[in-house]
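Next comes start_17.cif, a file with mmCIF, C-alpha atoms.
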data_work
#
loop_
_atom_site.label_atom_id
_atom_site.label_comp_id
_atom_site.auth_asym_id
_atom_site.auth_seq_id
_atom_site.Cartn_x
_atom_site.Cartn_y
_atom_site.Cartn_z
CA MET N 1 56.67 30.02 25.15
CA LYS N 2 57.18 28.21 21.86
CA LYS N 3 58.10 25.03 23.72
CA HIS N 4 54.92 25.31 25.79
CA LYS N 5 52.77 25.65 22.65
CA THR N 6 54.45 22.63 21.09
CA LEU N 7 53.81 20.54 24.20
CA SER N 8 50.16 21.64 24.26
CA ALA N 9 49.76 20.65 20.61
CA VAL N 10 51.24 17.22 21.28
CA ILE N 11 48.91 16.67 24.25
CA LEU N 12 45.93 17.75 22.13
CA LEU N 13 46.86 15.35 19.33
CA LEU N 14 47.31 12.51 21.80
CA SER N 15 43.92 13.26 23.36
CA VAL N 16 42.20 13.27 19.97
CA GLY N 17 43.96 10.04 19.05
CA LEU N 18 42.82 8.37 22.25
CA MET N 19 39.24 9.55 21.68
CA VAL N 20 39.23 8.18 18.13
CA SER N 21 40.76 4.90 19.28
CA ALA N 22 38.19 4.57 22.05
CA CYS N 23 35.37 5.24 19.59
CA GLN N 24 36.71 2.68 17.12
CA PHE N 25 37.14 0.13 19.89
CA LYS N 26 33.55 0.65 20.99
CA ARG N 27 32.32 0.12 17.44
CA ALA N 28 34.46 -2.95 16.94
CA ALA N 29 33.91 -4.69 20.27
CA PRO N 30 30.85 -3.59 22.27
CA LYS N 31 29.77 -5.55 25.31
CA LEU N 32 27.46 -8.30 24.12
CA GLU N 33 24.87 -7.65 26.82
CA TRP N 34 21.17 -7.16 26.17
CA ASP N 35 17.83 -6.39 27.79
CA PRO N 36 16.23 -9.81 28.47
CA SER N 37 12.66 -8.51 28.73
CA PRO N 38 10.14 -10.08 26.32
CA GLU N 39 9.13 -6.75 24.75
CA ALA N 40 12.70 -5.57 24.04
CA GLN N 41 13.82 -5.99 20.43
CA LEU N 42 17.37 -7.35 20.20
CA ILE N 43 17.89 -7.96 16.46
CA VAL N 44 15.69 -6.80 13.58
CA VAL N 45 16.24 -7.60 9.90
CA SER N 46 14.12 -5.75 7.37
CA ASP N 47 13.66 -5.91 3.60
CA PRO N 48 10.41 -4.03 2.81
CA ILE N 49 10.75 -4.49 -0.95
CA GLN N 50 9.86 -8.17 -0.45
CA PHE N 51 6.42 -7.36 1.00
CA PRO N 52 3.73 -8.37 -1.55
CA GLY N 53 1.59 -5.36 -0.65
CA ILE N 54 4.26 -2.81 -1.49
CA LYS N 55 3.45 -0.19 -4.12
CA PRO N 56 5.90 1.85 -6.24
CA THR N 57 5.34 4.88 -4.00
CA TYR N 58 5.76 2.82 -0.80
CA GLN N 59 2.89 4.87 0.65
CA ASP N 60 -0.16 2.66 0.18
CA GLU N 61 -2.20 1.85 3.29
CA SER N 62 -1.43 -1.85 2.86
CA MET N 63 2.15 -1.11 4.00
CA GLU N 64 0.70 -0.82 7.51
CA ASN N 65 0.58 -4.62 7.37
CA TYR N 66 4.31 -4.91 6.80
CA ILE N 67 6.23 -6.82 9.47
CA PRO N 68 10.05 -7.02 9.31
CA GLU N 69 11.46 -10.26 7.95
CA GLY N 70 12.85 -11.31 11.32
CA ILE N 71 12.77 -10.04 14.92
CA LEU N 72 14.60 -11.50 17.92
CA PHE N 73 13.43 -10.34 21.34
CA GLY N 74 15.43 -10.15 24.54
CA ASP N 75 13.78 -13.19 26.12
CA GLY N 76 14.78 -15.38 23.17
CA ARG N 77 11.52 -15.32 21.23
CA ILE N 78 12.18 -15.01 17.51
CA LEU N 79 9.58 -14.29 14.84
CA TRP N 80 10.09 -14.48 11.12
CA VAL N 81 8.14 -14.18 7.89
CA LYS N 82 7.68 -16.70 5.10
CA TYR N 83 6.15 -15.83 1.73
CA VAL N 84 4.64 -18.55 -0.46
CA TYR N 85 3.61 -17.96 -4.08
CA LYS N 86 0.76 -20.10 -5.41
CA ASP N 87 -1.85 -19.63 -8.14
CA GLY N 88 -0.83 -16.03 -8.78
CA ILE N 89 -1.06 -14.95 -5.13
CA THR N 90 1.74 -14.49 -2.60
CA SER N 91 0.62 -15.44 0.91
CA ARG N 92 2.36 -14.65 4.17
CA PHE N 93 3.06 -17.07 7.00
CA MET N 94 4.35 -15.92 10.39
CA LYS N 95 6.51 -18.30 12.40
CA GLN N 96 7.99 -18.14 15.88
CA GLY N 97 10.44 -20.06 18.04
CA PHE N 98 12.67 -19.61 21.07
CA LEU N 99 16.41 -19.35 21.69
CA SER N 100 18.14 -19.99 24.99
CA SER N 101 20.41 -17.37 26.57
CA GLU N 102 23.39 -19.43 25.45
CA GLN N 103 22.11 -19.49 21.88
CA ILE N 104 21.57 -15.73 21.93
CA GLN N 105 25.09 -15.19 23.24
CA ALA N 106 26.52 -17.39 20.48
CA LEU N 107 24.45 -15.52 17.89
CA LEU N 108 25.70 -12.13 19.08
CA GLN N 109 29.25 -13.47 19.03
CA GLN N 110 28.66 -14.49 15.41
CA PHE N 111 27.70 -10.89 14.67
CA ALA N 112 30.81 -9.61 16.43
CA ASP N 113 33.11 -12.10 14.68
CA SER N 114 31.69 -11.12 11.29
CA GLY N 115 32.77 -7.52 11.88
CA PHE N 116 29.18 -6.25 11.97
CA PHE N 117 29.87 -3.64 14.64
CA SER N 118 32.69 -2.09 12.60
CA TRP N 119 30.78 -1.92 9.31
CA LYS N 120 29.63 1.40 7.91
CA ASP N 121 26.09 2.48 8.77
CA GLN N 122 25.12 2.94 5.12
CA TYR N 123 26.09 1.22 1.86
CA SER N 124 24.52 3.07 -1.06
CA GLY N 125 25.00 2.97 -4.80
CA SER N 126 25.12 5.96 -7.12
CA PHE N 127 21.39 5.62 -7.89
CA ILE N 128 19.23 6.50 -4.87
CA GLU N 129 15.55 5.55 -4.98
CA ASP N 130 12.79 7.17 -2.99
CA GLY N 131 11.31 4.79 -0.48
CA PRO N 132 12.52 2.17 1.97
CA PRO N 133 16.07 0.81 1.87
CA ALA N 134 16.66 -2.56 0.26
CA LYS N 135 17.87 -4.29 3.41
CA SER N 136 18.81 -3.43 6.96
CA ILE N 137 20.06 -5.15 10.10
CA THR N 138 19.77 -3.52 13.51
CA VAL N 139 21.14 -4.81 16.81
CA PHE N 140 20.02 -3.29 20.12
CA LEU N 141 22.48 -4.10 22.90
CA ARG N 142 22.01 -2.85 26.44
CA ASP N 143 24.38 0.11 26.06
CA TYR N 144 24.87 0.27 22.31
CA SER N 145 22.87 -0.05 19.10
CA LYS N 146 24.05 -0.49 15.54
CA SER N 147 22.22 -0.39 12.19
CA VAL N 148 23.60 -1.31 8.79
CA VAL N 149 21.54 -0.32 5.74
CA VAL N 150 22.27 -1.57 2.23
CA SER N 151 20.62 0.23 -0.69
CA ASN N 152 21.53 -0.40 -4.33
CA ALA N 153 25.06 -1.45 -3.43
CA PRO N 154 26.96 -4.66 -2.66
CA PRO N 155 26.67 -5.51 1.05
CA PRO N 156 29.72 -6.02 3.25
CA GLN N 157 30.98 -9.59 3.39
CA GLY N 158 28.91 -11.58 5.86
CA PHE N 159 25.85 -9.29 5.75
CA ASP N 160 23.65 -11.68 3.78
CA GLU N 161 24.58 -14.60 6.03
CA LEU N 162 23.59 -12.69 9.17
CA PHE N 163 20.39 -11.49 7.53
CA SER N 164 19.44 -15.02 6.44
CA THR N 165 20.14 -16.43 9.89
CA ILE N 166 17.54 -14.18 11.52
CA ARG N 167 14.96 -14.26 8.73
CA SER N 168 15.00 -18.08 8.79
CA GLY N 169 14.51 -18.35 12.56
CA ALA N 170 18.15 -18.99 13.53
CA GLY N 171 17.63 -22.73 13.19
CA VAL N 172 15.03 -23.13 15.95
CA GLU N 173 11.94 -25.33 15.71
CA ASP N 174 9.06 -23.26 14.37
CA GLN N 175 5.40 -22.92 15.21
CA ASP N 176 2.68 -20.71 13.79
CA TYR N 177 2.43 -17.21 15.22
CA ARG N 178 -0.87 -15.44 15.85
CA PRO N 179 -1.20 -12.12 17.67
CA ASP N 180 -3.39 -11.84 20.76
CA ARG N 181 -4.39 -8.22 20.16
CA ALA N 182 -3.90 -5.68 17.39
CA PHE N 183 -5.14 -2.32 16.14
CA LEU N 184 -7.50 -2.61 13.17
CA ARG N 185 -8.10 -0.01 10.48
CA ALA N 186 -10.44 -0.34 7.51
CA TYR N 187 -9.89 1.88 4.46
CA ARG N 188 -12.87 2.37 2.17
CA GLN N 189 -11.89 1.64 -1.45
CA PHE N 190 -13.46 4.32 -3.62
CA ASP N 191 -11.39 3.36 -6.65
CA GLN N 192 -11.34 -0.33 -7.57
CA TRP N 193 -8.73 0.14 -10.30
CA GLY N 194 -6.01 -2.48 -10.07
CA ILE N 195 -8.07 -4.82 -7.88
CA ASP N 196 -8.25 -8.39 -9.13
CA GLN N 197 -11.96 -8.82 -9.76
CA ALA N 198 -11.55 -12.59 -9.86
CA SER N 199 -10.27 -12.72 -6.27
CA GLN N 200 -12.55 -14.11 -3.60
CA ILE N 201 -13.65 -11.24 -1.36
CA ASP N 202 -14.98 -12.22 2.07
CA SER N 203 -17.93 -10.43 3.63
CA TRP N 204 -17.47 -8.71 6.97
CA PRO N 205 -19.69 -10.47 9.58
CA ALA N 206 -20.65 -7.32 11.49
CA GLU N 207 -23.35 -9.02 13.55
CA SER N 208 -20.99 -11.77 14.69
CA PHE N 209 -18.17 -9.37 15.61
CA GLY N 210 -20.39 -6.71 17.16
CA PHE N 211 -19.30 -3.77 15.00
CA SER N 212 -19.33 -2.68 11.38
CA LEU N 213 -16.38 -1.39 9.40
CA ALA N 214 -18.34 1.76 8.58
CA GLU N 215 -18.17 2.60 12.30
CA LEU N 216 -14.39 2.82 12.04
CA GLU N 217 -14.58 5.81 9.71
CA SER N 218 -14.59 9.34 11.05
CA GLU N 219 -16.72 12.12 9.58
CA THR N 220 -13.74 13.13 7.43
CA GLY N 221 -13.46 9.63 5.99
CA ILE N 222 -10.19 8.87 7.78
CA ALA N 223 -9.95 5.39 9.26
CA LYS N 224 -10.06 5.72 13.05
CA GLY N 225 -9.62 2.07 13.89
CA ARG N 226 -10.00 0.06 17.09
CA TYR N 227 -8.26 -2.71 18.99
CA VAL N 228 -9.50 -6.21 18.24
CA ASP N 229 -8.92 -9.68 19.60
CA GLY N 230 -10.62 -13.07 19.55
CA LYS N 231 -12.69 -14.03 16.49
CA ALA N 232 -12.47 -10.62 14.83
CA LEU N 233 -8.68 -10.58 15.04
CA ALA N 234 -8.41 -14.16 13.76
CA PHE N 235 -10.62 -13.28 10.78
CA VAL N 236 -8.63 -10.14 9.86
CA TRP N 237 -5.30 -11.92 10.37
CA GLN N 238 -6.38 -14.63 7.94
CA VAL N 239 -7.58 -12.11 5.33
CA ILE N 240 -4.33 -10.13 5.44
CA ASN N 241 -1.99 -13.12 5.33
CA ALA N 242 -3.94 -14.91 2.60
CA ASN N 243 -3.35 -12.01 0.21
CA PRO N 244 -1.24 -9.13 1.59
CA GLN N 245 -1.45 -7.39 -1.78
CA GLN N 246 -5.25 -7.11 -1.58
CA PRO N 247 -6.45 -7.65 2.01
CA LEU N 248 -10.04 -6.78 1.15
CA VAL N 249 -13.47 -7.47 2.60
CA GLU N 250 -16.94 -6.37 1.57
CA GLU N 251 -19.64 -4.83 3.73
CA GLU N 252 -23.01 -3.76 2.30
CA GLY N 253 -21.58 -3.35 -1.18
CA VAL N 254 -18.54 -1.36 -0.03
CA TRP N 255 -15.00 -2.73 -0.21
CA TYR N 256 -12.53 -2.10 2.59
CA LEU N 257 -8.78 -2.66 2.78
CA LEU N 258 -7.87 -4.02 6.22
CA THR N 259 -4.68 -3.34 8.16
CA LEU N 260 -3.40 -4.50 11.54
CA GLN N 261 -0.81 -2.81 13.74
CA ILE N 262 0.79 -5.18 16.26
CA THR N 263 2.71 -3.77 19.20
CA GLY N 264 6.38 -4.70 19.00
CA LEU N 265 6.14 -5.97 15.42
CA SER N 266 4.64 -3.30 13.18
CA ASN N 267 6.69 -0.28 12.17
#

structure tokens encoding of this file:
Amino acid sequence: MKKHKTLSAVILLLSVGLMVSACQFKRAAPKLEWDPSPEAQLIVVSDPIQFPGIKPTYQDESMENYIPEGILFGDGRILWVKYVYKDGITSRFMKQGFLSSEQIQALLQQFADSGFFSWKDQYSGSFIEDGPPAKSITVFLRDYSKSVVVSNAPPPQGFDELFSTIRSGAGVEDQDYRPDRAFLRAYRQFDQWGIDQASQIDSWPAESFGFSLAELESETGIAKGRYVDGKALAFVWQVINANPQQPLVEEEGVWYLLTLQITGLSN
């Protein structure tokens, strides 16, 4: 009886060991296969603290305009963000390019060789802030996904290099990115405290676009929003990117803060 119990214990330990080994192997060397569809995100790098419109509470409506620093899609399209500071204003420029399947495979191999898939999920310091993490990298493979978040702590070796590769477009030739369609909200600004009065505020051309911003408000004052494209979208896109910190327009003496949500890009 005692011998039987000992044998059972050994088998149990071996089983647990095999399960742990299999789990570690999966983390260290997943299959580098991905969904090649154009809407499937493959790699996303995010650093919300860099967004000019961010507020100390991270809860201002302008954060709806945040787009991660770099996104690679399954079909090879890569989009990334550039910020340019000039005359006291930080503007945003969106770029895009395309990678071949071979380039994507080489990029994923770079992630694997760096040890990315065996890194911890979270690297945090002793001081934890409320709000978004400092930096994160997420990879969505066909059968496996992995996120690494770094917050107030040194990143693992190789993290910054991988992050920079995606946020700079992975070396592809760039072109300007403009969305074809997006969801617009307009938030009435009742309190103008903190708004730079010297900034140029554009007027909303309601007659040209066929709707007023006041129409986007519900009876409770909550911004309902609507999908826009064409001239209206181009106008809002320019306003937001010119000054993400204060994406404002004026309509009949009322100021509105504009936001756009873009499918596949916005959080």

May I have the residues within 8 Å of N:Phe73 as a short mmCIF file (atom, residue, chain, number, x, y, z; two decimals) with C-alpha atoms, in the coordinates of the input, using only C-alpha atoms and disregarding those fewer than 2 positions away in the same chain?
data_model
loop_
_atom_site.label_atom_id
_atom_site.label_comp_id
_atom_site.auth_asym_id
_atom_site.auth_seq_id
_atom_site.Cartn_x
_atom_site.Cartn_y
_atom_site.Cartn_z
CA PRO N 36 16.23 -9.81 28.47
CA SER N 37 12.66 -8.51 28.73
CA PRO N 38 10.14 -10.08 26.32
CA GLU N 39 9.13 -6.75 24.75
CA ALA N 40 12.70 -5.57 24.04
CA GLN N 41 13.82 -5.99 20.43
CA LEU N 42 17.37 -7.35 20.20
CA ILE N 43 17.89 -7.96 16.46
CA ILE N 71 12.77 -10.04 14.92
CA ASP N 75 13.78 -13.19 26.12
CA GLY N 76 14.78 -15.38 23.17
CA ARG N 77 11.52 -15.32 21.23
CA ILE N 78 12.18 -15.01 17.51
#

Q: Would you kindly return, as a PyMOL selection string, each protein, DNA or RNA residue with an atom no farther than 12 Å from any atom of stretch 221-237 of chain N, considering only C-alpha atoms and excluding same-chain residues fewer than 5 positions away?
A: chain N and resi 61+65+91-94+177-190+202-216+242-244+247-249+256-263

Explicit residues for the PyMOL selection byres ((chain N and resi 106-110) around 12) (as a PDB file with C-alpha atoms, keeping the file's coordinate frame):
ATOM      1  CA  ALA N  28      34.460  -2.950  16.940  1.00  0.00           C
ATOM      2  CA  ALA N  29      33.910  -4.690  20.270  1.00  0.00           C
ATOM      3  CA  PRO N  30      30.850  -3.590  22.270  1.00  0.00           C
ATOM      4  CA  LYS N  31      29.770  -5.550  25.310  1.00  0.00           C
ATOM      5  CA  LEU N  32      27.460  -8.300  24.120  1.00  0.00           C
ATOM      6  CA  GLU N  33      24.870  -7.650  26.820  1.00  0.00           C
ATOM      7  CA  TRP N  34      21.170  -7.160  26.170  1.00  0.00           C
ATOM      8  CA  LEU N  42      17.370  -7.350  20.200  1.00  0.00           C
ATOM      9  CA  ILE N  43      17.890  -7.960  16.460  1.00  0.00           C
ATOM     10  CA  LEU N  72      14.600 -11.500  17.920  1.00  0.00           C
ATOM     11  CA  GLY N  74      15.430 -10.150  24.540  1.00  0.00           C
ATOM     12  CA  GLY N  76      14.780 -15.380  23.170  1.00  0.00           C
ATOM     13  CA  LEU N  99      16.410 -19.350  21.690  1.00  0.00           C
ATOM     14  CA  SER N 100      18.140 -19.990  24.990  1.00  0.00           C
ATOM     15  CA  SER N 101      20.410 -17.370  26.570  1.00  0.00           C
ATOM     16  CA  GLU N 102      23.390 -19.430  25.450  1.00  0.00           C
ATOM     17  CA  GLN N 103      22.110 -19.490  21.880  1.00  0.00           C
ATOM     18  CA  ILE N 104      21.570 -15.730  21.930  1.00  0.00           C
ATOM     19  CA  GLN N 105      25.090 -15.190  23.240  1.00  0.00           C
ATOM     20  CA  PHE N 111      27.700 -10.890  14.670  1.00  0.00           C
ATOM     21  CA  ALA N 112      30.810  -9.610  16.430  1.00  0.00           C
ATOM     22  CA  ASP N 113      33.110 -12.100  14.680  1.00  0.00           C
ATOM     23  CA  SER N 114      31.690 -11.120  11.290  1.00  0.00           C
ATOM     24  CA  GLY N 115      32.770  -7.520  11.880  1.00  0.00           C
ATOM     25  CA  PHE N 116      29.180  -6.250  11.970  1.00  0.00           C
ATOM     26  CA  PHE N 117      29.870  -3.640  14.640  1.00  0.00           C
ATOM     27  CA  THR N 138      19.770  -3.520  13.510  1.00  0.00           C
ATOM     28  CA  VAL N 139      21.140  -4.810  16.810  1.00  0.00           C
ATOM     29  CA  PHE N 140      20.020  -3.290  20.120  1.00  0.00           C
ATOM     30  CA  LEU N 141      22.480  -4.100  22.900  1.00  0.00           C
ATOM     31  CA  GLY N 158      28.910 -11.580   5.860  1.00  0.00           C
ATOM     32  CA  PHE N 159      25.850  -9.290   5.750  1.00  0.00           C
ATOM     33  CA  GLU N 161      24.580 -14.600   6.030  1.00  0.00           C
ATOM     34  CA  LEU N 162      23.590 -12.690   9.170  1.00  0.00           C
ATOM     35  CA  PHE N 163      20.390 -11.490   7.530  1.00  0.00           C
ATOM     36  CA  THR N 165      20.140 -16.430   9.890  1.00  0.00           C
ATOM     37  CA  ILE N 166      17.540 -14.180  11.520  1.00  0.00           C
ATOM     38  CA  GLY N 169      14.510 -18.350  12.560  1.00  0.00           C
ATOM     39  CA  ALA N 170      18.150 -18.990  13.530  1.00  0.00           C
ATOM     40  CA  GLY N 171      17.630 -22.730  13.190  1.00  0.00           C
TER      41      GLY N 171
END

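Rounded to one decimal, atom CA of N:Val150 and atom CA of N:Gly264 lie 23.3 Å from each other.
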
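As for atom CA of N:Ser124 and atom CA of N:Pro155, they are spaced 9.1 Å apart.
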
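Those residues returned by the PyMOL selection byres ((chain N and resi 153) around 10) for this file are Gln122, Tyr123, Ser124, Gly125, Ser126, Phe127, Ile128, Ala134, Val149, Val150, Ser151, Asn152, Pro154, Pro155 and Pro156 of chain N.
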
(Q) Here is a test: counting all atoms listed in the file, which residue of N:Tyr66, N:Gln238, N:Glu217, N:Lys82 is nearest to N:Ile54? (A) N:Tyr66

Which centre and edge lengths in Å to one decimal define the box along x, y and z that fits every listed atom of stretch 67-71 of chain N plus 5 Å per side, as JSON?
{"center_x": 9.5, "center_y": -9.1, "center_z": 11.4, "size_x": 16.6, "size_y": 14.5, "size_z": 17.0}

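Between N:Pro52 and the residues N:Gln246, N:Val172, N:Gln200, N:Asp143, the shortest atom-to-atom distance, using only C-alpha atoms, involves N:Gln246.
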
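Atom pair atom CA of N:Val84 / atom CA of N:Trp255 has a distance of 25.2 Å (rounded to one decimal).
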
(Q) For the provided coordinates, the residues matched by the PyMOL selection byres ((chain N and resi 174) around 8) should be stated as a list in words. (A) Lys95, Gln96, Gly97, Gly169, Val172, Glu173, Gln175 and Asp176 of chain N

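Counting all atoms listed in the file, the residue from N:Gln157, N:Ser266, N:Asn241, N:Ser168 that sits nearest to N:Thr90 is N:Asn241.
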
Q. Which of these residues is nearest to N:Lys120, using all atoms listed in the file: N:Ser136, N:Val148, N:Gly88, N:Val45?
A. N:Val148
